[in-house]
file coords-v9.tsv (TSV, C-alpha atoms)
chain	number	residue	atom	x	y	z
A	1	MET	CA	0.00	0.00	0.00
A	2	VAL	CA	1.36	3.42	-1.01
A	3	THR	CA	0.30	6.21	1.31
A	4	GLU	CA	0.73	9.82	0.39
A	5	GLU	CA	-0.22	12.77	2.57
A	6	LEU	CA	-1.12	16.17	1.21
A	7	THR	CA	-1.53	18.97	3.73
A	8	LEU	CA	-3.48	22.05	2.79
A	9	THR	CA	-3.06	24.86	5.27
A	10	ILE	CA	-5.61	27.60	5.63
A	11	LEU	CA	-3.90	30.53	7.32
A	12	SER	CA	-5.53	31.39	10.58
A	13	ALA	CA	-7.30	34.71	10.16
A	14	GLU	CA	-6.97	35.43	13.87
A	15	LYS	CA	-3.20	35.09	13.79
A	16	ALA	CA	-2.94	37.30	10.69
A	17	SER	CA	-4.94	40.11	12.25
A	18	ASP	CA	-2.97	39.93	15.51
A	19	ALA	CA	0.30	40.23	13.60
A	20	PHE	CA	-1.11	43.14	11.63
A	21	GLU	CA	-2.16	44.96	14.79
A	22	THR	CA	1.45	44.86	15.97
A	23	VAL	CA	2.64	46.37	12.68
A	24	MET	CA	-0.03	49.03	12.91
A	25	ALA	CA	0.85	49.94	16.49
A	26	ALA	CA	4.46	50.48	15.42
A	27	HIS	CA	3.64	52.77	12.48
A	28	GLU	CA	0.35	54.44	13.25
A	29	ARG	CA	1.81	57.61	14.71
A	30	MET	CA	4.06	58.07	11.71
A	31	VAL	CA	1.17	57.70	9.25
A	32	MET	CA	-1.25	59.79	11.30
A	33	GLY	CA	1.34	62.56	11.81
A	34	THR	CA	2.14	62.72	8.11
A	35	ALA	CA	-1.53	62.69	7.15
A	36	TYR	CA	-2.40	65.41	9.65
A	37	ARG	CA	0.41	67.74	8.45
A	38	LEU	CA	-0.52	67.12	4.81
A	39	LEU	CA	-4.26	67.57	5.26
A	40	GLY	CA	-4.40	70.03	8.16
A	41	ARG	CA	-7.61	68.51	9.52
A	42	MET	CA	-7.72	65.73	12.08
A	43	GLU	CA	-10.92	64.12	10.76
A	44	ASP	CA	-9.44	63.89	7.26
A	45	ALA	CA	-6.17	62.59	8.69
A	46	GLN	CA	-8.02	59.83	10.56
A	47	ASP	CA	-9.88	58.79	7.42
A	48	ALA	CA	-6.65	58.80	5.41
A	49	THR	CA	-4.83	56.77	8.08
A	50	GLN	CA	-7.61	54.21	8.13
A	51	GLU	CA	-7.45	53.89	4.34
A	52	VAL	CA	-3.65	53.53	4.40
A	53	PHE	CA	-3.75	50.69	6.93
A	54	LEU	CA	-6.56	48.86	5.18
A	55	ARG	CA	-4.45	49.01	2.01
A	56	LEU	CA	-1.48	47.74	3.99
A	57	PHE	CA	-3.52	44.80	5.26
A	58	LYS	CA	-4.52	43.92	1.71
A	59	ASN	CA	-0.94	44.13	0.44
A	60	LEU	CA	0.87	42.70	3.46
A	61	GLY	CA	2.06	39.65	1.56
A	62	ARG	CA	3.63	41.75	-1.19
A	63	ILE	CA	5.76	43.99	1.03
A	64	ASP	CA	9.23	42.71	1.82
A	65	GLY	CA	11.14	44.05	4.79
A	66	ASP	CA	10.50	47.45	6.35
A	67	PRO	CA	7.02	48.71	5.41
A	68	LYS	CA	7.95	52.37	6.16
A	69	PRO	CA	8.81	53.52	2.59
A	70	TRP	CA	5.64	51.83	1.29
A	71	LEU	CA	3.58	53.44	4.04
A	72	TYR	CA	4.99	56.90	3.34
A	73	ARG	CA	4.35	56.53	-0.39
A	74	VAL	CA	0.77	55.35	0.10
A	75	THR	CA	0.10	58.00	2.78
A	76	VAL	CA	1.26	60.75	0.43
A	77	ASN	CA	-0.90	59.39	-2.41
A	78	VAL	CA	-3.98	58.90	-0.24
A	79	CYS	CA	-3.62	62.37	1.32
A	80	ASN	CA	-3.10	64.06	-2.05
A	81	ASP	CA	-6.23	62.33	-3.34
A	82	HIS	CA	-8.18	63.47	-0.25
A	83	TYR	CA	-6.81	66.99	-0.64
A	84	ARG	CA	-7.91	67.23	-4.28
A	85	ARG	CA	-11.36	65.79	-3.56
A	86	ARG	CA	-12.29	67.91	-0.60
A	87	THR	CA	-13.98	71.30	-0.53
A	88	PRO	CA	-11.69	74.13	-1.67
A	89	VAL	CA	-11.82	76.06	1.62
A	90	ALA	CA	-9.49	74.15	3.90
A	91	GLU	CA	-9.64	75.35	7.46
A	92	PRO	CA	-6.83	73.76	9.44
A	93	ASP	CA	-7.51	72.66	12.98
A	94	GLU	CA	-7.02	75.32	15.57
A	95	ARG	CA	-6.40	72.76	18.29
A	96	GLN	CA	-3.57	73.73	20.56
A	97	ALA	CA	-1.80	71.91	23.30
A	98	ASP	CA	-2.66	73.37	26.70
A	99	PRO	CA	0.05	75.91	27.50
A	100	ALA	CA	1.44	76.31	30.97
A	101	PRO	CA	-0.18	79.38	32.53
A	102	GLY	CA	1.77	82.53	31.81
A	103	ALA	CA	4.32	80.79	29.68
A	104	GLN	CA	4.69	83.34	26.91
A	105	ARG	CA	7.20	81.23	25.04
A	106	VAL	CA	4.84	78.29	24.88
A	107	LEU	CA	2.05	80.53	23.62
A	108	GLU	CA	4.32	81.94	20.95
A	109	MET	CA	5.40	78.50	19.89
A	110	ASP	CA	1.79	77.31	19.72
A	111	GLU	CA	0.85	80.33	17.66
A	112	ARG	CA	3.77	79.64	15.31
A	113	LYS	CA	2.77	76.00	14.99
A	114	ARG	CA	-0.78	76.98	14.18
A	115	LEU	CA	0.44	79.43	11.54
A	116	LEU	CA	2.77	76.80	10.10
A	117	MET	CA	-0.09	74.34	9.81
A	118	GLU	CA	-2.09	76.99	8.00
A	119	GLY	CA	0.84	77.97	5.84
A	120	ILE	CA	1.50	74.39	4.76
A	121	GLN	CA	-1.98	74.22	3.27
A	122	THR	CA	-1.15	77.15	1.01
A	123	LEU	CA	1.87	75.41	-0.54
A	124	ALA	CA	1.85	73.61	-3.88
A	125	GLU	CA	1.27	69.84	-3.59
A	126	ARG	CA	4.91	68.86	-4.26
A	127	GLU	CA	6.30	71.50	-1.90
A	128	ARG	CA	3.84	70.55	0.82
A	129	THR	CA	4.70	66.86	0.54
A	130	ALA	CA	8.43	67.48	0.49
A	131	VAL	CA	8.42	69.82	3.48
A	132	VAL	CA	6.15	67.55	5.55
A	133	LEU	CA	8.35	64.51	4.96
A	134	ARG	CA	11.60	66.42	5.47
A	135	GLU	CA	10.75	68.81	8.30
A	136	PHE	CA	7.98	67.07	10.24
A	137	GLN	CA	8.89	63.46	9.71
A	138	GLY	CA	12.63	64.08	9.77
A	139	LEU	CA	13.42	62.05	6.64
A	140	SER	CA	16.60	62.68	4.71
A	141	THR	CA	16.50	64.43	1.33
A	142	ARG	CA	17.39	61.11	-0.29
A	143	GLN	CA	14.52	59.26	1.41
A	144	VAL	CA	12.08	61.99	0.40
A	145	ALA	CA	13.34	61.81	-3.18
A	146	GLU	CA	12.84	58.02	-3.22
A	147	ILE	CA	9.32	58.25	-1.82
A	148	LEU	CA	8.31	60.96	-4.28
A	149	GLY	CA	10.19	59.39	-7.18
A	150	VAL	CA	12.14	62.53	-8.03
A	151	GLU	CA	15.79	63.67	-7.99
A	152	GLU	CA	17.36	64.79	-4.72
A	153	VAL	CA	18.14	68.18	-6.24
A	154	THR	CA	14.44	68.66	-6.98
A	155	VAL	CA	13.53	67.88	-3.38
A	156	ARG	CA	16.19	70.32	-2.11
A	157	SER	CA	14.78	73.06	-4.29
A	158	GLN	CA	11.17	72.32	-3.27
A	159	ILE	CA	12.07	72.36	0.42
A	160	SER	CA	14.04	75.56	0.08
A	161	VAL	CA	11.15	77.34	-1.67
A	162	ALA	CA	8.65	75.95	0.84
A	163	ARG	CA	10.72	77.09	3.84
A	164	VAL	CA	10.92	80.65	2.54
A	165	LYS	CA	7.19	80.69	1.73
A	166	LEU	CA	6.37	79.45	5.24
A	167	ALA	CA	8.69	81.96	6.88
A	168	LYS	CA	6.99	84.78	4.97
A	169	TYR	CA	3.54	83.40	5.77
A	170	VAL	CA	4.28	83.38	9.49
A	171	ARG	CA	6.01	86.78	9.45
A	172	ASP	CA	3.10	88.45	7.64
A	173	ARG	CA	0.52	87.13	10.12
A	174	LYS	CA	2.26	87.72	13.43
B	1	MET	CA	21.78	82.35	-3.83
B	2	THR	CA	19.32	85.16	-4.38
B	3	CYS	CA	18.04	87.47	-1.72
B	4	GLN	CA	14.34	87.38	-2.50
B	5	GLU	CA	13.51	90.62	-0.71
B	6	CYS	CA	16.16	92.94	-2.09
B	7	GLU	CA	16.77	90.91	-5.27
B	8	LEU	CA	20.49	90.86	-4.58
B	9	ALA	CA	22.29	87.91	-6.12
B	10	LEU	CA	24.97	86.58	-3.80
B	11	GLY	CA	28.04	84.90	-5.21
B	12	LEU	CA	29.43	81.73	-3.69
B	13	ASP	CA	32.34	83.65	-2.23
B	14	GLN	CA	30.09	86.22	-0.58
B	15	ASN	CA	29.41	85.72	3.11
B	16	VAL	CA	25.72	85.32	3.95
B	17	ASP	CA	26.33	86.73	7.42
B	18	GLU	CA	27.76	89.90	5.86
B	19	HIS	CA	24.60	90.27	3.83
B	20	LEU	CA	22.33	89.65	6.80
B	21	ALA	CA	24.17	92.33	8.72
B	22	VAL	CA	23.11	94.94	6.18
B	23	CYS	CA	19.73	93.56	4.98
B	24	ALA	CA	17.01	93.86	7.63
B	25	SER	CA	14.46	92.05	5.49
B	26	CYS	CA	16.67	89.00	5.00
B	27	ARG	CA	17.65	89.08	8.66
B	28	GLU	CA	14.02	88.96	9.66
B	29	LEU	CA	13.37	86.11	7.26
B	30	ALA	CA	16.38	84.19	8.58
B	31	GLU	CA	14.99	84.60	12.12
B	32	GLU	CA	11.64	83.21	11.00
B	33	LEU	CA	13.35	80.26	9.32
B	34	ARG	CA	15.26	79.48	12.49
B	35	ALA	CA	12.16	79.75	14.69
B	36	ASN	CA	10.20	77.60	12.26
B	37	ALA	CA	12.88	74.92	12.37
B	38	MET	CA	12.45	74.78	16.17
B	39	ALA	CA	8.68	74.63	15.80
B	40	PHE	CA	8.93	71.75	13.32
B	41	GLU	CA	10.82	69.74	15.91
B	42	SER	CA	8.23	70.40	18.61
B	43	PHE	CA	5.46	68.97	16.42
B	44	ALA	CA	6.86	65.52	17.13
B	45	ASP	CA	5.57	65.67	20.73
B	46	ASP	CA	1.99	66.55	19.81
B	47	PRO	CA	-0.59	63.99	20.88
B	48	LEU	CA	-2.36	62.25	18.03
B	49	PRO	CA	-5.55	60.20	18.21
B	50	THR	CA	-5.57	56.55	17.27
B	51	VAL	CA	-7.65	54.82	14.62
B	52	ARG	CA	-6.27	51.38	15.43
B	53	TYR	CA	-9.50	50.09	16.97
B	54	ARG	CA	-11.51	51.36	14.02
B	55	VAL	CA	-9.20	49.68	11.52
B	56	MET	CA	-8.95	46.42	13.47
B	57	ALA	CA	-12.74	46.20	13.87
B	58	GLN	CA	-13.11	46.60	10.12
B	59	ILE	CA	-10.41	44.00	9.41
B	60	ARG	CA	-11.91	41.49	11.84
B	61	SER	CA	-15.41	41.84	10.40
B	62	ARG	CA	-13.99	41.34	6.88
B	63	SER	CA	-11.96	38.35	8.09
B	64	SER	CA	-14.99	36.59	9.54
B	65	ALA	CA	-16.87	37.09	6.29
B	66	ARG	CA	-13.88	35.72	4.42
B	67	ARG	CA	-13.65	32.75	6.79
B	68	VAL	CA	-17.17	31.72	5.82
B	69	MET	CA	-16.21	31.98	2.16
B	70	ARG	CA	-13.01	30.05	2.79
B	71	TRP	CA	-14.95	27.19	4.35
B	72	GLY	CA	-17.11	27.18	1.27
B	73	TRP	CA	-14.03	26.95	-0.94
B	74	ALA	CA	-12.57	24.18	1.21
B	75	LEU	CA	-15.72	22.13	0.88
B	76	ALA	CA	-15.89	22.83	-2.85
B	77	ALA	CA	-12.26	21.70	-3.21
B	78	ALA	CA	-13.01	18.51	-1.30
B	79	ALA	CA	-16.05	17.81	-3.45
B	80	MET	CA	-13.96	18.45	-6.56
B	81	LEU	CA	-11.35	15.92	-5.41
B	82	VAL	CA	-13.99	13.30	-4.83
B	83	VAL	CA	-15.63	13.98	-8.22
B	84	MET	CA	-12.26	13.87	-10.02
B	85	PHE	CA	-11.45	10.58	-8.37
B	86	ALA	CA	-14.81	9.11	-9.22
B	87	VAL	CA	-14.57	10.30	-12.83
B	88	SER	CA	-11.05	8.94	-13.30
B	89	ARG	CA	-12.13	5.57	-11.90
B	90	GLY	CA	-15.19	5.42	-14.11
B	91	THR	CA	-13.15	6.33	-17.22
B	92	ARG	CA	-10.63	3.62	-16.43
B	93	GLU	CA	-13.31	0.98	-16.16
B	94	GLN	CA	-14.93	2.09	-19.40
B	95	THR	CA	-11.57	1.82	-21.19
B	96	ARG	CA	-10.98	-1.70	-19.95
B	97	THR	CA	-14.37	-3.19	-20.82
B	98	PRO	CA	-15.60	-1.33	-23.86
B	99	VAL	CA	-19.22	-1.94	-24.67
B	100	GLN	CA	-19.60	-3.31	-28.17
B	101	ILE	CA	-22.68	-1.96	-29.86
B	102	SER	CA	-23.46	-3.44	-33.22
B	103	HIS	CA	-25.79	-1.74	-35.57
B	104	VAL	CA	-28.21	-4.03	-37.30
B	105	GLU	CA	-29.65	-3.00	-40.60
B	106	VAL	CA	-33.19	-4.31	-40.83
B	107	PRO	CA	-34.61	-4.76	-44.31
B	108	LEU	CA	-37.95	-3.13	-44.84
B	109	GLN	CA	-39.81	-6.38	-45.35
B	110	ASN	CA	-38.55	-7.77	-41.96
B	111	ARG	CA	-39.61	-4.72	-39.99
B	112	GLU	CA	-41.60	-6.86	-37.51
B	113	ARG	CA	-38.28	-8.59	-36.47
B	114	LYS	CA	-36.58	-5.25	-35.66
B	115	GLY	CA	-38.01	-5.08	-32.14
B	116	ALA	CA	-36.69	-8.56	-31.32
B	117	ASP	CA	-33.13	-7.70	-32.56
B	118	THR	CA	-33.03	-4.55	-30.46
B	119	ALA	CA	-34.15	-6.53	-27.41
B	120	ASP	CA	-31.28	-9.00	-28.00
B	121	ILE	CA	-28.71	-6.18	-28.11
B	122	ALA	CA	-30.16	-4.60	-25.00
B	123	SER	CA	-30.04	-7.88	-23.10
B	124	LYS	CA	-26.36	-8.31	-24.13
B	125	GLN	CA	-25.54	-4.82	-22.83
B	126	ARG	CA	-27.27	-5.46	-19.53
B	127	ALA	CA	-25.42	-8.77	-18.92
B	128	PRO	CA	-23.44	-8.58	-15.66
B	129	ARG	CA	-19.76	-7.94	-16.11
B	130	PRO	CA	-17.32	-10.40	-14.57
B	131	LYS	CA	-15.87	-9.03	-11.38
B	132	ARG	CA	-12.34	-7.71	-11.82
B	133	ILE	CA	-9.61	-9.00	-9.56
B	134	HIS	CA	-6.79	-6.53	-8.86
B	135	ASN	CA	-3.42	-7.81	-7.87
B	136	GLY	CA	-1.63	-4.40	-8.13
B	137	PRO	CA	-0.84	-2.11	-5.18
B	138	THR	CA	-3.56	0.05	-3.65
B	139	HIS	CA	-2.73	3.77	-3.64
B	140	VAL	CA	-4.12	5.82	-0.82
B	141	VAL	CA	-4.09	9.60	-0.89
B	142	SER	CA	-4.77	11.16	2.45
B	143	VAL	CA	-5.81	14.81	2.28
B	144	LYS	CA	-5.45	16.72	5.50
B	145	MET	CA	-6.92	20.21	5.72
B	146	LEU	CA	-5.97	22.51	8.58
B	147	THR	CA	-8.65	25.01	9.46
B	148	PRO	CA	-8.55	28.33	11.34
B	149	ASP	CA	-9.86	26.44	14.34
B	150	PRO	CA	-6.90	24.42	15.71
B	151	ASP	CA	-9.27	21.78	17.07
B	152	VAL	CA	-10.82	21.09	13.69
B	153	VAL	CA	-8.82	19.16	11.10
B	154	ILE	CA	-10.51	17.64	8.08
B	155	TYR	CA	-9.20	14.37	6.65
B	156	TRP	CA	-10.12	12.67	3.40
B	157	GLN	CA	-8.77	9.33	2.42
B	158	ILE	CA	-9.06	8.54	-1.26
B	159	GLU	CA	-8.22	5.04	-2.31
B	160	SER	CA	-7.29	4.11	-5.85
B	161	GLU	CA	-6.18	0.87	-7.42
B	162	ASP	CA	-3.18	0.05	-9.66
B	163	GLY	CA	-1.28	2.98	-8.34
B	164	GLU	CA	-3.42	5.42	-10.27
B	165	LYS	CA	-4.63	8.55	-8.55
call {"tool": "encode", "arguments": {"input": "coords-v9.tsv", "output": "structure tokens"}}
result
Amino acid sequence: MVTEELTLTILSAEKASDAFETVMAAHERMVMGTAYRLLGRMEDAQDATQEVFLRLFKNLGRIDGDPKPWLYRVTVNVCNDHYRRRTPVAEPDERQADPAPGAQRVLEMDERKRLLMEGIQTLAERERTAVVLREFQGLSTRQVAEILGVEEVTVRSQISVARVKLAKYVRDRK
Amino acid sequence: MTCQECELALGLDQNVDEHLAVCASCRELAEELRANAMAFESFADDPLPTVRYRVMAQIRSRSSARRVMRWGWALAAAAMLVVMFAVSRGTREQTRTPVQISHVEVPLQNRERKGADTADIASKQRAPRPKRIHNGPTHVVSVKMLTPDPDVVIYWQIESEDGEK
């Protein structure tokens, strides 16, 4: 008698979602932060973050190694799509961290942050994306260039223009 | 480098600090740039809400729907295996004992005999076949299917003769 055993394994859905939750916990802040700076509204950022992670869950098997570059790329694309679709008047959140009483410096910093968030929404799409990834997320020029699929020199120029525009925006509104 | 306020083009050898010392507009802008750089860093500490529970709830509800579908596929696959096995066995038997059907031309004048000839052929077809005796090895394929529930494992054992699967 010849006996042959074939084993068909159905991946446990429970195990897959538990593993995914760990990945999400590690990267959620990064995605949410990027989405919030790009969109300027927390509700939109939450929707974008949700969409990004649902896409990640779908494509988990196709991503090798560190999912960060993939997440940044998809976050930028999802946020740019949201930005183009939404109503033209974009009012950034005016939420502020609670300042220590009488701390003038904290108040000034909060006011600057609020103005920066407003100013970012006035930038061109490429400048906004480049400055958010470089300045807020702390990525290198090379990483930003890879995520956006452009030359490093282009990113440098976009960031330089964006910085000056933001500085002028803040100065004119103080 | 170009001073955007006073439109003064600076050469590479020209000291930026020297220019800032004489250009109030650029000095002010440089101050803003520096303050903004500090502000960018402080954004990192801002609290952000979480959407993890929202996402996980959505994923889990999709997963349970998919699990139902997956069970359906598993059962369909099992049924397919059984059907394939049955078909292959039936084909093999047909090949070994082909049924000979002879066509009988009945002349017009003997039309009343036609019914009797057809009955003869039919009785030949219905005659019981001699039972086959197999001396070859029996091939057993055991299919084991692991399910999302660790306590549930499905086994199928498909037996075929003459080493054919």
call {"tool": "atom_distance", "arguments": {"input": "coords-v9.tsv", "atom1": "CA of Asn59 in chain A", "atom2": "CA of Ala16 in chain A"}}
result
12.5 Å
call {"tool": "atom_distance", "arguments": {"input": "coords-v9.tsv", "atom1": "CA of Gln121 in chain A", "atom2": "CA of Leu148 in chain A"}}
result
18.4 Å
call {"tool": "atom_distance", "arguments": {"input": "coords-v9.tsv", "atom1": "CA of Glu118 in chain A", "atom2": "CA of Tyr169 in chain A"}}
result
8.8 Å
call {"tool": "closest_residue", "arguments": {"input": "coords-v9.tsv", "among": "A:Ile159, A:Met109, A:Leu139, A:Ile63", "to": "chain B", "atoms": "only C-alpha atoms"}}
result
A:Met109
call {"tool": "closest_residue", "arguments": {"input": "coords-v9.tsv", "among": "B:Ser142, B:Arg92, B:Ala57, B:Ala30", "to": "chain A", "atoms": "only C-alpha atoms"}}
result
B:Ser142
call {"tool": "closest_residue", "arguments": {"input": "coords-v9.tsv", "among": "A:Glu125, A:Glu151, A:Glu108, A:Glu28", "to": "Ala45 in chain A", "atoms": "all atoms listed in the file"}}
result
A:Glu28
